[in-house]
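**Q** Here it is, the structure, as structure tokens.
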Amino acid sequence: MLPLKNSSATPRWLALRLPHLALDHYTRGQARQDVPVAISDAVQRRELIIDCNPAAAKAGVRPGMPATAALGVLEGLNILVRQPDQERTTLHRLAAWCYQYSSQVSIPADRPALLLEAAASERLFGSPLELARRLERELGQIGYHAMAGSAPTPEAAWLAAGEALHIDTTGHIRRHIGPLPLSRLYLEHHQQHALEQMGFRQVRDVLRLPRKALTRRFGPALTDYLDRLLGSRPDPRPLYQPPQEFASRLELPADIHATQALLFPLKRMLEELCGVLRGGDTAVQSLHIILQHEDHPDSRIELGTQSPTQDAARLLNLLRERLERVRLPQAVREIQLQAPKLLPLAAGQHSLFRDTPAEQQQGIEQLAERLQARLGHDAVGGLDGVEDHRPEYSWRPRKLDEKPQCTALPHRPSWLLPKPKRCDIKRYDILAGPERIESGWWDGRDCRRDYFIVRDASGSTLWAFLEHKPRRGWYVHGIFA
């Protein structure tokens with residue numbers, strides 16, 4: 001249990017309710033909204049529908065309906081079994097995602113919701129109302145339905161989220177939640193039933209009762225809950241600590257047969273990942289994507305960048321290029337996205353025209369990444385120097401993630417011809433030189449040359465040499481570009 005650290009005198013909790021979390025776990029990877037999907041769960045030994053998407057609701061499927069009856073109403077209904085463990089894992093991922101808006105995030109142990117302390121970040125993200133709208137919108141973009149509200153206490157914030165309320169002070173809690181129906185309180189079923197049998201219909205009816213009478217009738221748990229709700233008793237919450245790795249799993253409600261159809265669910269998974277990275281000031285340089293099939297070994301896609309990044313658009317561009325080379329052996333039933341190592345992000349300021357050396361280098365890196373994604377990892381490489389004076393033997397290929405060990409010389413050209421080409425030096429203007437190179441006597445490929453920088457009739461700057469050994473003559477060897 002961590003103490004609340006807040007520079008503001010009054011904390012302001014922002015609650016995010018996720019009423020369709022069990023359904024979102026499956027359908028957020030579904031681009032088409034016209035496929036009817038419902039979630040079932042065992043309730044008192046009966047398989048009942050607990051949630052469904054609009055397509056299923058339009059056909060007459062309702063929560064509380066037996067699964068067999070739902071199939072009778074809609075024959076093509078896709079009924080999926082609720083997975084509480086996966087929902088809890090999803091809540092942990094979303095808590096890490098919320099870290100980009102608050103360093104104090106808590107996960108209630110008994111309901112699908114998240115709690116964020118919003119007062120400390122008000123100067124950065126605006127009022128709790130503005131932050132709530134932003135969170136609802138951005139969570140919707142990655143496939144989650146959220147309801148947000150805020151109040152000075154966690155329990156009041158959770159109630160406020162269900163009504164889209166934003167309560168400023170502890171003294172205003174009674175006024176805002178008093179008119180709500182009694183069913184809005186987070187009570188045990190037997191407690192709520194007993195209160196209704198006693199004639200109570202609104203929250204204010206219970207709040208008016210003496211605490212001693214409530215304690216005698218219902219025990220200390222109810223009065224403790226009401227005191228924490230109103231702020232008359234402390235309600236410390238365990239704060240979530242984000243992990244140093246990321247793993248996401250998405251079960252698809254319908255099989256995907258085409259690689260381009262994978263872009264929609266993977267885009268949402270990448271945006272969720274990048275939100276987690278922004279929250280922890282981290283970045284990734286490699287990603288593993290695993291596509292699971294029904295009765296075929298998994299397909300694997302590896303994505304790598306030249307430098308750590310948390311840019312979803314950059315990763316999506318790489319993925320789009322890579323998917324063009326993927327051939328699916330079977331339909332995809334599940335997608336896993338793994339970032340085994342989260343790296344510290346060294347963020348720098350961008351210039352107005354993006355013309356600093358670091359920004360220009362970033363453009364070159366992103367071009368190389370896209371070429372690798374399209375052509376293959378080993379099809380794109382770099383050059384490194386070798387300690388040899390002879391130009392044709394002074395370089396070697398290197399992998400892009402391998403740092404070069406040499407420094408480019410300004411008076412040497414960037415491009416060498418595959419073989420030196422004989423030339424008539426009278427057709428060129430000599431600009432600089434000579435530079436004598438005499439080497440190679442120990443390996444049988446000795447040479448003696450005088451190199452010159454020359455310009456041809458069209459204005460191109462070339463690198464030419466006069467060879468003395470093994471054969472005499474003028475040759476063009478390189479091009480300055």
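Chains: A, B, ... in order of the structure tokens. Residues: from 1 per chain. Ligands: from 1, in order shown.
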In stretch 304-456 of chain A, what's strand (DSSP E or B) per DSSP? Answer as an NGL selection string?
**A** :A and (304-309 or 332-339 or 343-344 or 382-385 or 395-398 or 415-422 or 429-439 or 447-455)
**Q** Name all residues at most 12 Å from A:Leu114 (count only C-alpha atoms; drop same-chain ones fewer than 6 positions away) and give them as number ranges by chain.
**A** A: 13-19, 21, 88, 90-99, 102, 104-108, 135, 146-150, 154-155, 157-158, 161, 237-240
**Q** Tell me which protein, DNA and RNA residues are within 6 Å of stretch 264-279 of chain A, counting only C-alpha atoms, leaving out same-chain ones fewer than 2 positions away, and put them as a PyMOL selection string.
**A** chain A and resi 29+96-97+99-100+142+262+281-283+310+312
**Q** Please run DSSP on the backbone and report, as a PyMOL selection string, all residues within stretch 294-350 of chain A that come out as helix (DSSP H, G or I).
**A** chain A and resi 312-323
**Q** Leaving out A:Gly440 and any residue of its chain fewer than 2 positions from it, which residues lie within 12 Å of it when counting only C-alpha atoms, given as a ChimeraX atom specification?
**A** /A:387-394,437-438,442-449,469-470
**Q** With only C-alpha atoms as the basis for distance, which of A:Gln191, A:Thr68, A:Ser121, A:Asn53 is at the shortest distance from A:Thr27?
**A** A:Asn53
**Q** As a PyMOL selection string, please: the residues near A:Pro84 (cut-off 12 Å, only C-alpha atoms, same-chain neighbours under 2 positions excluded).
**A** chain A and resi 21-23+25+39-42+81-82+86-91+110-112
